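**Student:** Supplied structure: final-v4.cif, mmCIF, C-alpha atoms and all ligand atoms.
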data_entry
loop_
_atom_site.label_atom_id
_atom_site.label_comp_id
_atom_site.auth_asym_id
_atom_site.auth_seq_id
_atom_site.Cartn_x
_atom_site.Cartn_y
_atom_site.Cartn_z
CA MET A 1 -40.89 -9.68 -7.53
CA ARG A 2 -39.36 -6.22 -7.76
CA LYS A 3 -41.83 -4.91 -5.17
CA GLN A 4 -40.96 -7.82 -2.88
CA LEU A 5 -37.26 -7.05 -3.31
CA ILE A 6 -37.79 -3.44 -2.30
CA SER A 7 -39.66 -4.42 0.86
CA PHE A 8 -37.08 -7.11 1.62
CA VAL A 9 -34.27 -4.52 1.41
CA ARG A 10 -36.24 -1.95 3.42
CA ASP A 11 -36.94 -4.53 6.13
CA TYR A 12 -33.31 -5.52 6.31
CA PHE A 13 -31.97 -1.98 6.53
CA ARG A 14 -34.93 -0.90 8.69
CA THR A 15 -35.53 2.44 7.02
CA ASP A 16 -37.97 4.28 4.75
CA GLU A 17 -35.24 6.69 3.67
CA PHE A 18 -32.92 6.40 0.68
CA ILE A 19 -30.80 3.22 0.83
CA PRO A 20 -27.36 3.61 -0.76
CA LEU A 21 -25.34 0.82 -2.35
CA HIS A 22 -22.69 1.06 0.30
CA ALA A 23 -22.13 3.31 3.33
CA PRO A 24 -19.21 3.12 5.77
CA VAL A 25 -19.75 2.40 9.47
CA PHE A 26 -17.66 3.83 12.30
CA THR A 27 -18.60 1.88 15.39
CA GLY A 28 -15.18 1.17 16.91
CA ASN A 29 -12.15 3.19 17.99
CA GLU A 30 -12.23 5.58 15.01
CA LYS A 31 -12.81 8.78 16.99
CA THR A 32 -10.28 7.83 19.66
CA TYR A 33 -7.46 7.10 17.21
CA VAL A 34 -8.17 10.09 14.96
CA ALA A 35 -8.30 12.43 17.98
CA ASP A 36 -5.08 10.87 19.25
CA THR A 37 -3.43 11.64 15.90
CA ILE A 38 -4.56 15.25 16.00
CA ASP A 39 -3.36 15.64 19.60
CA SER A 40 0.05 14.26 18.59
CA THR A 41 0.29 16.84 15.71
CA PHE A 42 1.64 14.00 13.51
CA VAL A 43 -1.26 14.09 11.06
CA SER A 44 0.72 13.94 7.86
CA SER A 45 3.51 11.99 6.24
CA VAL A 46 5.13 10.42 9.28
CA GLY A 47 3.62 8.85 12.35
CA ALA A 48 3.16 5.71 14.36
CA TYR A 49 -0.26 4.82 12.93
CA VAL A 50 1.13 4.27 9.43
CA ASP A 51 3.60 1.68 10.76
CA ARG A 52 0.92 0.10 12.90
CA PHE A 53 -1.61 -0.03 10.06
CA GLU A 54 0.96 -1.71 7.80
CA GLN A 55 1.85 -4.25 10.51
CA ASP A 56 -1.82 -4.94 11.29
CA MET A 57 -2.42 -5.56 7.59
CA VAL A 58 0.53 -7.96 7.42
CA ASN A 59 -0.95 -9.88 10.35
CA TYR A 60 -4.38 -9.97 8.79
CA THR A 61 -3.50 -10.83 5.20
CA GLY A 62 -0.44 -13.00 5.82
CA SER A 63 1.44 -11.04 3.15
CA PRO A 64 5.14 -10.72 4.11
CA ARG A 65 4.90 -6.92 3.89
CA ALA A 66 2.37 -4.13 3.33
CA VAL A 67 3.06 -0.54 2.24
CA ALA A 68 0.31 2.07 2.74
CA THR A 69 -0.46 4.56 -0.04
CA VAL A 70 -2.78 7.52 -0.72
CA ASN A 71 -5.23 5.37 -2.66
CA GLY A 72 -5.61 2.05 -4.42
CA THR A 73 -4.90 3.47 -7.86
CA ALA A 74 -1.52 4.81 -6.67
CA ALA A 75 -0.79 1.42 -5.09
CA LEU A 76 -1.48 -0.30 -8.42
CA HIS A 77 0.62 2.22 -10.35
CA VAL A 78 3.60 1.53 -8.08
CA ALA A 79 3.01 -2.23 -8.06
CA LEU A 80 3.08 -2.27 -11.88
CA LYS A 81 6.27 -0.21 -11.95
CA LEU A 82 7.83 -2.70 -9.56
CA ALA A 83 6.75 -5.50 -11.91
CA ASP A 84 8.90 -3.66 -14.50
CA VAL A 85 5.96 -2.48 -16.58
CA GLY A 86 7.15 0.34 -18.80
CA PRO A 87 6.37 2.28 -21.99
CA GLY A 88 5.26 0.09 -24.89
CA ASP A 89 4.59 -2.99 -22.76
CA LEU A 90 1.32 -4.91 -22.76
CA VAL A 91 -0.48 -5.78 -19.51
CA ILE A 92 -3.32 -8.29 -19.55
CA THR A 93 -6.44 -7.56 -17.54
CA GLN A 94 -10.20 -8.06 -17.67
CA PRO A 95 -12.70 -5.75 -19.42
CA LEU A 96 -15.11 -6.04 -16.47
CA THR A 97 -13.37 -3.93 -13.86
CA PHE A 98 -13.30 -0.44 -12.41
CA VAL A 99 -11.45 2.00 -14.68
CA ALA A 100 -8.62 2.48 -12.13
CA THR A 101 -7.19 -0.93 -13.11
CA CYS A 102 -6.63 0.24 -16.70
CA ASN A 103 -5.61 3.76 -15.76
CA ALA A 104 -2.76 2.46 -13.60
CA ILE A 105 -1.54 0.44 -16.60
CA ALA A 106 -1.76 3.54 -18.80
CA TYR A 107 0.18 5.65 -16.23
CA CYS A 108 3.13 3.30 -16.86
CA GLY A 109 2.95 4.02 -20.59
CA ALA A 110 1.73 0.46 -21.12
CA GLU A 111 -1.40 -0.76 -22.85
CA PRO A 112 -4.08 -3.05 -21.41
CA VAL A 113 -5.06 -6.23 -23.25
CA PHE A 114 -8.59 -7.38 -22.44
CA ILE A 115 -9.22 -11.06 -21.79
CA ASP A 116 -12.60 -12.54 -20.89
CA VAL A 117 -13.85 -13.26 -17.39
CA ASP A 118 -15.30 -16.47 -16.01
CA ARG A 119 -19.10 -16.37 -15.71
CA HIS A 120 -19.05 -17.86 -12.25
CA THR A 121 -16.20 -16.03 -10.48
CA LEU A 122 -16.60 -12.79 -12.54
CA GLY A 123 -12.79 -12.71 -12.50
CA LEU A 124 -10.21 -13.24 -15.25
CA SER A 125 -10.64 -16.66 -16.88
CA PRO A 126 -7.49 -18.84 -16.88
CA SER A 127 -8.70 -20.76 -19.94
CA ALA A 128 -9.41 -17.57 -21.91
CA LEU A 129 -5.99 -16.27 -20.88
CA GLU A 130 -4.26 -19.47 -21.97
CA ALA A 131 -6.16 -19.53 -25.27
CA TRP A 132 -5.20 -15.95 -26.14
CA LEU A 133 -1.55 -16.47 -25.21
CA ASP A 134 -1.39 -19.70 -27.22
CA GLU A 135 -2.63 -17.88 -30.28
CA GLN A 136 -0.84 -14.55 -29.86
CA ALA A 137 2.32 -15.00 -27.81
CA ARG A 138 5.56 -16.88 -27.39
CA VAL A 139 8.22 -17.01 -24.67
CA ASP A 140 11.66 -16.10 -26.04
CA ASP A 141 15.04 -17.51 -25.00
CA ASP A 142 15.54 -14.50 -22.71
CA GLY A 143 12.49 -15.69 -20.72
CA VAL A 144 10.36 -12.75 -21.86
CA CYS A 145 6.84 -13.25 -23.23
CA ARG A 146 6.24 -11.36 -26.48
CA THR A 147 3.49 -11.08 -29.06
CA LYS A 148 4.08 -13.05 -32.27
CA ILE A 149 2.91 -10.36 -34.66
CA ASP A 150 4.81 -7.32 -33.36
CA ASN A 151 7.19 -8.44 -30.59
CA LYS A 152 5.53 -6.40 -27.84
CA VAL A 153 6.51 -7.48 -24.34
CA ILE A 154 3.64 -8.92 -22.28
CA ARG A 155 4.98 -7.92 -18.90
CA ALA A 156 2.21 -8.52 -16.38
CA CYS A 157 -1.28 -9.82 -15.82
CA VAL A 158 -3.72 -8.06 -13.49
CA PRO A 159 -6.70 -10.16 -12.41
CA MET A 160 -9.34 -8.36 -10.33
CA HIS A 161 -11.39 -10.03 -7.58
CA THR A 162 -14.74 -8.69 -8.69
CA PHE A 163 -17.09 -7.51 -5.91
CA GLY A 164 -14.84 -9.39 -3.48
CA HIS A 165 -15.19 -12.84 -5.10
CA PRO A 166 -11.77 -14.44 -5.54
CA ALA A 167 -10.72 -15.21 -9.12
CA ASP A 168 -9.39 -18.70 -9.96
CA LEU A 169 -5.94 -18.04 -8.52
CA ASP A 170 -4.53 -21.56 -8.94
CA GLY A 171 -5.44 -21.48 -12.60
CA LEU A 172 -4.13 -17.96 -13.17
CA MET A 173 -0.87 -18.62 -11.30
CA ALA A 174 -0.23 -21.70 -13.43
CA VAL A 175 -0.79 -19.85 -16.72
CA ALA A 176 1.27 -16.85 -15.60
CA ARG A 177 4.13 -19.12 -14.57
CA ARG A 178 4.04 -21.05 -17.85
CA TRP A 179 4.16 -17.81 -19.85
CA GLN A 180 6.65 -16.01 -17.55
CA ILE A 181 4.25 -13.14 -16.88
CA ALA A 182 4.18 -11.39 -13.49
CA LEU A 183 0.87 -11.67 -11.64
CA VAL A 184 -0.23 -8.41 -9.97
CA GLU A 185 -3.54 -8.84 -8.14
CA ASP A 186 -6.03 -5.99 -8.04
CA ALA A 187 -7.53 -6.95 -4.67
CA ALA A 188 -9.03 -3.46 -4.18
CA GLU A 189 -12.47 -4.96 -3.55
CA SER A 190 -11.50 -8.13 -1.73
CA LEU A 191 -10.08 -7.28 1.70
CA GLY A 192 -11.39 -10.11 3.87
CA SER A 193 -11.69 -12.59 0.97
CA PHE A 194 -9.67 -15.80 1.07
CA TYR A 195 -8.88 -18.33 -1.64
CA LYS A 196 -8.20 -21.81 -0.22
CA GLY A 197 -7.44 -20.23 3.14
CA LYS A 198 -4.99 -17.62 1.85
CA HIS A 199 -5.83 -13.94 1.55
CA THR A 200 -6.43 -12.51 -1.92
CA GLY A 201 -3.68 -10.11 -2.97
CA ALA A 202 -1.05 -12.33 -1.34
CA PHE A 203 -0.72 -14.78 -4.28
CA GLY A 204 0.90 -12.72 -7.02
CA ALA A 205 4.35 -11.12 -7.01
CA LEU A 206 2.45 -8.02 -5.91
CA GLY A 207 -1.10 -7.23 -4.84
CA ILE A 208 -2.99 -4.07 -3.98
CA LEU A 209 -5.87 -3.08 -1.69
CA SER A 210 -8.09 0.02 -1.60
CA PHE A 211 -9.62 1.78 1.41
CA ASN A 212 -11.77 4.23 -0.50
CA GLY A 213 -15.00 5.31 1.21
CA ASN A 214 -17.10 2.70 -0.61
CA LYS A 215 -14.88 -0.32 0.11
CA ILE A 216 -15.46 -2.83 2.95
CA MET A 217 -13.33 -0.67 5.26
CA THR A 218 -12.11 2.85 4.70
CA THR A 219 -9.33 5.27 5.58
CA GLY A 220 -11.20 8.10 3.84
CA GLY A 221 -8.93 7.49 0.89
CA GLY A 222 -6.11 4.99 0.90
CA GLY A 223 -4.50 1.91 -0.52
CA MET A 224 -1.86 -0.70 0.17
CA VAL A 225 0.78 -2.59 -1.76
CA LEU A 226 1.20 -6.22 -0.65
CA ALA A 227 4.57 -7.76 -1.51
CA GLY A 228 7.61 -9.67 -0.33
CA GLU A 229 10.53 -8.00 1.47
CA ALA A 230 12.57 -6.73 -1.48
CA LEU A 231 9.66 -5.39 -3.52
CA ALA A 232 8.06 -3.84 -0.43
CA ASP A 233 11.29 -1.97 0.34
CA ARG A 234 11.23 -0.65 -3.22
CA ALA A 235 7.52 0.25 -2.87
CA LYS A 236 8.21 2.21 0.32
CA HIS A 237 11.07 4.06 -1.37
CA LEU A 238 9.13 4.90 -4.53
CA THR A 239 6.03 6.05 -2.64
CA THR A 240 8.02 8.35 -0.34
CA THR A 241 9.69 10.50 -3.04
CA ALA A 242 12.65 8.09 -3.30
CA LYS A 243 14.39 9.87 -0.44
CA GLN A 244 17.50 8.21 0.91
CA PRO A 245 17.55 7.94 4.68
CA HIS A 246 19.54 10.79 6.21
CA PRO A 247 19.06 12.77 9.45
CA TYR A 248 18.76 16.13 7.66
CA GLU A 249 19.84 16.10 4.01
CA TYR A 250 17.51 15.77 1.04
CA ILE A 251 18.87 13.20 -1.36
CA HIS A 252 16.52 11.51 -3.80
CA ASN A 253 18.05 8.88 -6.04
CA GLU A 254 15.29 8.39 -8.65
CA VAL A 255 12.00 9.93 -9.73
CA GLY A 256 9.77 9.00 -6.81
CA TYR A 257 6.14 9.66 -5.98
CA ASN A 258 4.38 11.38 -3.12
CA TYR A 259 2.06 8.42 -2.65
CA ARG A 260 2.43 7.72 1.09
CA MET A 261 -0.66 7.49 3.26
CA PRO A 262 -1.00 10.32 5.81
CA ASN A 263 -0.96 9.28 9.48
CA LEU A 264 -4.46 10.73 9.96
CA ASN A 265 -5.87 8.29 7.42
CA ALA A 266 -3.87 5.40 8.88
CA SER A 267 -5.32 6.06 12.35
CA LEU A 268 -8.82 5.67 10.90
CA GLY A 269 -7.61 2.51 9.14
CA CYS A 270 -6.30 0.93 12.35
CA ALA A 271 -9.71 1.36 13.98
CA GLN A 272 -11.55 0.00 10.93
CA LEU A 273 -9.26 -2.99 10.54
CA GLU A 274 -9.96 -4.01 14.16
CA GLN A 275 -13.55 -4.62 13.00
CA ILE A 276 -12.92 -6.29 9.64
CA GLU A 277 -14.12 -9.74 10.69
CA GLN A 278 -17.35 -8.23 12.07
CA PHE A 279 -17.83 -6.38 8.77
CA VAL A 280 -17.25 -9.56 6.75
CA ASP A 281 -19.67 -11.51 8.97
CA ALA A 282 -22.32 -8.82 8.50
CA LYS A 283 -21.83 -8.86 4.71
CA ARG A 284 -22.03 -12.62 4.60
CA ALA A 285 -25.20 -12.64 6.71
CA LEU A 286 -26.84 -10.19 4.28
CA ALA A 287 -25.61 -12.22 1.29
CA SER A 288 -27.17 -15.40 2.62
CA GLN A 289 -30.48 -13.55 3.07
CA TYR A 290 -30.30 -12.33 -0.53
CA GLU A 291 -29.41 -15.84 -1.68
CA ALA A 292 -32.49 -17.28 0.03
CA PHE A 293 -34.66 -14.45 -1.29
CA PHE A 294 -33.62 -15.00 -4.92
CA SER A 295 -33.63 -18.81 -4.90
CA GLY A 296 -36.20 -20.19 -7.31
CA THR A 297 -36.70 -16.79 -8.99
CA GLU A 298 -35.63 -15.64 -12.46
CA TYR A 299 -32.68 -13.84 -10.83
CA GLN A 300 -29.43 -15.67 -10.25
CA PHE A 301 -27.68 -14.46 -7.10
CA VAL A 302 -23.87 -14.39 -7.38
CA THR A 303 -22.31 -16.63 -4.72
CA GLU A 304 -18.73 -17.21 -3.63
CA PRO A 305 -16.57 -19.58 -5.72
CA LYS A 306 -15.76 -23.05 -4.35
CA GLU A 307 -13.09 -23.27 -1.64
CA CYS A 308 -13.26 -19.50 -1.14
CA ARG A 309 -14.48 -17.24 1.61
CA SER A 310 -15.74 -14.09 -0.07
CA ASN A 311 -16.23 -10.77 1.72
CA TYR A 312 -19.38 -10.19 -0.42
CA TRP A 313 -18.34 -6.54 -0.71
CA LEU A 314 -21.08 -5.77 -3.24
CA ASN A 315 -23.93 -8.21 -3.65
CA ALA A 316 -24.95 -8.91 -7.22
CA VAL A 317 -27.69 -10.65 -9.19
CA ILE A 318 -27.70 -11.77 -12.80
CA CYS A 319 -30.94 -10.88 -14.58
CA GLU A 320 -32.45 -12.97 -17.38
CA ASN A 321 -31.77 -10.33 -20.01
CA LYS A 322 -31.11 -6.63 -20.51
CA SER A 323 -34.75 -5.55 -20.44
CA HIS A 324 -35.32 -7.32 -17.10
CA ARG A 325 -32.17 -5.64 -15.83
CA ASP A 326 -33.36 -2.22 -16.96
CA ALA A 327 -36.75 -2.75 -15.31
CA LEU A 328 -35.07 -3.76 -12.04
CA LEU A 329 -32.78 -0.70 -12.09
CA LYS A 330 -35.65 1.63 -12.87
CA THR A 331 -38.07 0.36 -10.23
CA THR A 332 -35.57 0.14 -7.38
CA ASN A 333 -33.86 3.48 -8.00
CA GLY A 334 -37.28 5.09 -8.47
CA GLN A 335 -38.22 3.86 -4.98
CA GLY A 336 -35.09 5.12 -3.23
CA VAL A 337 -33.34 1.75 -3.15
CA MET A 338 -30.04 2.23 -4.91
CA THR A 339 -28.98 -0.42 -7.41
CA ARG A 340 -26.43 -0.13 -10.18
CA PRO A 341 -25.47 -1.96 -13.35
CA ILE A 342 -22.00 -3.48 -13.54
CA TRP A 343 -19.36 -1.25 -15.19
CA ALA A 344 -19.35 -0.65 -18.92
CA LEU A 345 -16.68 -2.87 -20.46
CA MET A 346 -13.30 -1.13 -20.47
CA ASN A 347 -12.86 -1.77 -24.20
CA HIS A 348 -15.95 0.39 -24.79
CA LEU A 349 -14.38 3.46 -23.15
CA ALA A 350 -12.95 6.01 -25.59
CA MET A 351 -9.36 5.74 -24.35
CA TYR A 352 -9.24 1.94 -24.36
CA GLN A 353 -11.39 1.06 -27.38
CA SER A 354 -8.50 0.33 -29.69
CA CYS A 355 -6.68 -1.95 -27.23
CA ARG A 356 -6.06 -5.59 -28.07
CA LYS A 357 -8.60 -8.08 -26.81
CA GLY A 358 -9.61 -11.71 -26.86
CA ASP A 359 -13.08 -13.14 -27.31
CA LEU A 360 -15.21 -11.35 -24.67
CA ILE A 361 -18.38 -13.46 -24.74
CA ASN A 362 -18.84 -13.82 -20.97
CA SER A 363 -17.98 -10.19 -20.24
CA GLN A 364 -20.52 -9.00 -22.80
CA TRP A 365 -23.14 -11.36 -21.45
CA LEU A 366 -22.57 -10.19 -17.86
CA GLU A 367 -22.38 -6.49 -18.82
CA GLN A 368 -26.03 -6.66 -19.92
CA ARG A 369 -27.32 -8.55 -16.88
CA VAL A 370 -25.48 -7.87 -13.62
CA VAL A 371 -26.99 -5.54 -11.03
CA ASN A 372 -25.45 -4.60 -7.67
CA LEU A 373 -27.72 -4.44 -4.64
CA PRO A 374 -27.52 -2.43 -1.39
CA SER A 375 -24.68 -4.05 0.56
CA SER A 376 -23.81 -1.87 3.55
CA VAL A 377 -22.70 -3.48 6.79
CA VAL A 378 -25.61 -3.81 9.22
CA LEU A 379 -24.45 -4.83 12.68
CA LYS A 380 -27.39 -6.62 14.22
CA ALA A 381 -27.48 -6.85 18.00
CA ASP A 382 -27.65 -10.49 19.09
C1 LIG A 401 -11.65 0.85 -5.78
C2 LIG A 401 -10.86 0.19 -6.81
C3 LIG A 401 -9.53 0.56 -7.12
C4 LIG A 401 -8.76 1.64 -6.45
O1 LIG A 401 -9.51 2.70 -6.10
P1 LIG A 401 -9.03 3.97 -5.27
O2 LIG A 401 -10.29 4.76 -5.23
O3 LIG A 401 -7.92 4.60 -6.04
O4 LIG A 401 -8.58 3.54 -3.90
C5 LIG A 401 -8.85 -0.17 -8.08
N1 LIG A 401 -9.43 -1.20 -8.71
C6 LIG A 401 -10.69 -1.60 -8.44
C7 LIG A 401 -11.23 -2.78 -9.14
C8 LIG A 401 -11.45 -0.91 -7.50
O5 LIG A 401 -12.71 -1.32 -7.25
#
For the file at hand, write its structure as structure tokens.

**Tutor:**
Amino acid sequence: MRKQLISFVRDYFRTDEFIPLHAPVFTGNEKTYVADTIDSTFVSSVGAYVDRFEQDMVNYTGSPRAVATVNGTAALHVALKLADVGPGDLVITQPLTFVATCNAIAYCGAEPVFIDVDRHTLGLSPSALEAWLDEQARVDDDGVCRTKIDNKVIRACVPMHTFGHPADLDGLMAVARRWQIALVEDAAESLGSFYKGKHTGAFGALGILSFNGNKIMTTGGGGMVLAGEALADRAKHLTTTAKQPHPYEYIHNEVGYNYRMPNLNASLGCAQLEQIEQFVDAKRALASQYEAFFSGTEYQFVTEPKECRSNYWLNAVICENKSHRDALLKTTNGQGVMTRPIWALMNHLAMYQSCRKGDLINSQWLEQRVVNLPSSVVLKAD
């Protein structure tokens, strides 16, 4: 089976060389727009491509506004600040995520609380969230959710759309509303993924995207805050050193951040975003091949949740147990076909091991079994 998988992947990617998990493709107007930016000399913090990239992203995602940033982590940091997350607060998230989710919470002086994921969506489980809140929290007369034992404010909840598969947003929105907790979506991996026809990242009060080199499209490094008008204005202000508009004077009215995306990166982003639907189609074509390949085997291929269109950013299989997983990782990587286990649970990392957590049965089960497969966009001529 493992041998067959290796030849299946080699056939698909048509190469005998090393096959990475994910490589970017630049088949559109990338060189034209980047050269245009250089010719204009506006490579840095101002320029027309930043505005255009933000507008293009609004059109694509349907979010009222989009604010470009240097990377996804910075976008999440600012989004959490705009959700009023501050020192001493608690922010609920999932233990199965990339470390940036938790780091952004820590940058605010807040502490993550780890709640289990759903085995099917791989995203935060609404029922686990509700169960933990029922046991641990209450909503006070001031409309603020606090822990029963030590009156800590539970300010926000950050679900993550794992590998591009949308989490159960209806369920999560309902729980967050009931408990008066702001929903901030970490949609770093899910550009191109829709839940019931609406783009991920556009459900919560705030959402963020990432355009790192390994995501479905890239700006080299980059991110985006998705929000409504008022919060987006605040995001723009905070990410551009909180400078008040003035023709020549420097007046900054709060501690801001230098988090804006350079125009050079935005020009690359405009060209990549023009091709996003082609990229998603290519990912979905590969995913359906994997799905057919694994059907009837001891591996369970991870498919998109019901009523969702997933971008299948990183394809994944669930192995029968940890020793099967280890054998798969060893054979494939030994043969130059890159595969990778899912992240170690965040509550196992030194800096987050003493954080509060619920029952993490599904996360622990998945941690031992999930393997990511080569998932680069292959544009087949047809
Ligand atoms: C990629 C990613 C981010 C942000 O990453 P940057 O490299 O800072 O753009 C945040 N959360 C998750 C889950 C990610 O996968």

**Student:** Looking at all atoms listed in the file, which of A:Gly28, A:Leu329, A:Leu129, A:Leu226 is the one that sits closest to Glu54 (chain A)?

**Tutor:**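 Among the listed residues, A:Leu226 lies closest to Glu54 (chain A).
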
**Student:** Which residues come within 8 Å of region 360-374 of chain A, counting all atoms listed in the file, excluding same-chain residues fewer than 4 positions away, as a ChimeraX atom specification?

**Tutor:** /A:9,19-22,95-96,115-119,314-322,325,329,337-345

**Student:** With distances taken over only C-alpha atoms, which residue among A:Arg284, A:Lys306, A:Arg260, A:Arg14 lies nearest Val70 (chain A)?

**Tutor:** A:Arg260

**Student:** Name each residue within 10 Å of ligand LIG 401 (chain A), counting all atoms listed in the file, as a PyMOL selection string.

**Tutor:** chain A and resi 69-77+96-104+159-164+185-190+208-215+218-224

**Student:** Give me, as a PyMOL selection string, all polymer residues having an atom no more than 9 Å from region 174-179 of chain A, counting only C-alpha atoms and skipping those fewer than 5 positions away in the same chain.

**Tutor:** chain A and resi 126-127+129-130+133+137-139+143-145+156-157+169

**Student:** Only C-alpha atoms, please: the residues just picked out, written as a PDB file, keeping the file's coordinate frame.

**Tutor:**
ATOM      1  CA  PRO A 126      -7.490 -18.840 -16.880  1.00  0.00           C
ATOM      2  CA  SER A 127      -8.700 -20.760 -19.940  1.00  0.00           C
ATOM      3  CA  LEU A 129      -5.990 -16.270 -20.880  1.00  0.00           C
ATOM      4  CA  GLU A 130      -4.260 -19.470 -21.970  1.00  0.00           C
ATOM      5  CA  LEU A 133      -1.550 -16.470 -25.210  1.00  0.00           C
ATOM      6  CA  ALA A 137       2.320 -15.000 -27.810  1.00  0.00           C
ATOM      7  CA  ARG A 138       5.560 -16.880 -27.390  1.00  0.00           C
ATOM      8  CA  VAL A 139       8.220 -17.010 -24.670  1.00  0.00           C
ATOM      9  CA  GLY A 143      12.490 -15.690 -20.720  1.00  0.00           C
ATOM     10  CA  VAL A 144      10.360 -12.750 -21.860  1.00  0.00           C
ATOM     11  CA  CYS A 145       6.840 -13.250 -23.230  1.00  0.00           C
ATOM     12  CA  ALA A 156       2.210  -8.520 -16.380  1.00  0.00           C
ATOM     13  CA  CYS A 157      -1.280  -9.820 -15.820  1.00  0.00           C
ATOM     14  CA  LEU A 169      -5.940 -18.040  -8.520  1.00  0.00           C
TER      15      LEU A 169
END

**Student:** Find the distance between CA of Gly201 (chain A) and CA of His165 (chain A) and write it in Å to one decimal.

**Tutor:** 12.0 Å

**Student:** Which residue out of A:His348, A:Arg309, A:Lys148, A:Lys330 has the minimum interatomic distance to Val280 (chain A) when only C-alpha atoms are used?

**Tutor:**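 Looking at the shortest contact to Val280 (chain A), the residue is A:Arg309.
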
**Student:** Starting from the incomplete input, reconstruct N, CA, C and O atoms of region 2-14 of chain A and report them as a compact mmCIF listing (two decimals), keeping the file's coordinate frame.

**Tutor:**
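Saved result, part_35.txt, follows:
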# COMPACT_ATOMS: atom_id res chain seq x y z
N ARG A 2 -40.14 -7.43 -8.04
CA ARG A 2 -39.36 -6.22 -7.76
C ARG A 2 -39.89 -5.51 -6.52
O ARG A 2 -39.12 -5.00 -5.72
N LYS A 3 -41.21 -5.50 -6.38
CA LYS A 3 -41.83 -4.91 -5.17
C LYS A 3 -41.38 -5.66 -3.93
O LYS A 3 -41.05 -5.07 -2.91
N GLN A 4 -41.39 -7.00 -4.03
CA GLN A 4 -40.96 -7.82 -2.88
C GLN A 4 -39.50 -7.54 -2.53
O GLN A 4 -39.15 -7.51 -1.36
N LEU A 5 -38.67 -7.34 -3.55
CA LEU A 5 -37.26 -7.05 -3.31
C LEU A 5 -37.13 -5.73 -2.54
O LEU A 5 -36.37 -5.64 -1.57
N ILE A 6 -37.87 -4.74 -2.98
CA ILE A 6 -37.79 -3.44 -2.30
C ILE A 6 -38.20 -3.57 -0.83
O ILE A 6 -37.52 -3.06 0.06
N SER A 7 -39.28 -4.30 -0.56
CA SER A 7 -39.66 -4.42 0.86
C SER A 7 -38.68 -5.30 1.64
O SER A 7 -38.41 -5.02 2.81
N PHE A 8 -38.12 -6.28 0.96
CA PHE A 8 -37.08 -7.11 1.62
C PHE A 8 -35.89 -6.22 2.04
O PHE A 8 -35.42 -6.29 3.18
N VAL A 9 -35.43 -5.38 1.12
CA VAL A 9 -34.27 -4.52 1.41
C VAL A 9 -34.63 -3.50 2.50
O VAL A 9 -33.87 -3.29 3.44
N ARG A 10 -35.82 -2.94 2.41
CA ARG A 10 -36.24 -1.95 3.42
C ARG A 10 -36.35 -2.59 4.81
O ARG A 10 -35.96 -2.00 5.81
N ASP A 11 -36.85 -3.80 4.86
CA ASP A 11 -36.94 -4.53 6.13
C ASP A 11 -35.55 -4.76 6.70
O ASP A 11 -35.31 -4.57 7.89
N TYR A 12 -34.65 -5.19 5.83
CA TYR A 12 -33.31 -5.52 6.31
C TYR A 12 -32.58 -4.30 6.84
O TYR A 12 -31.95 -4.35 7.89
N PHE A 13 -32.68 -3.20 6.10
CA PHE A 13 -31.97 -1.98 6.53
C PHE A 13 -32.81 -1.12 7.47
O PHE A 13 -32.35 -0.09 7.95
N ARG A 14 -34.04 -1.55 7.72
CA ARG A 14 -34.93 -0.90 8.69
C ARG A 14 -35.03 0.62 8.48
O ARG A 14 -34.76 1.40 9.41
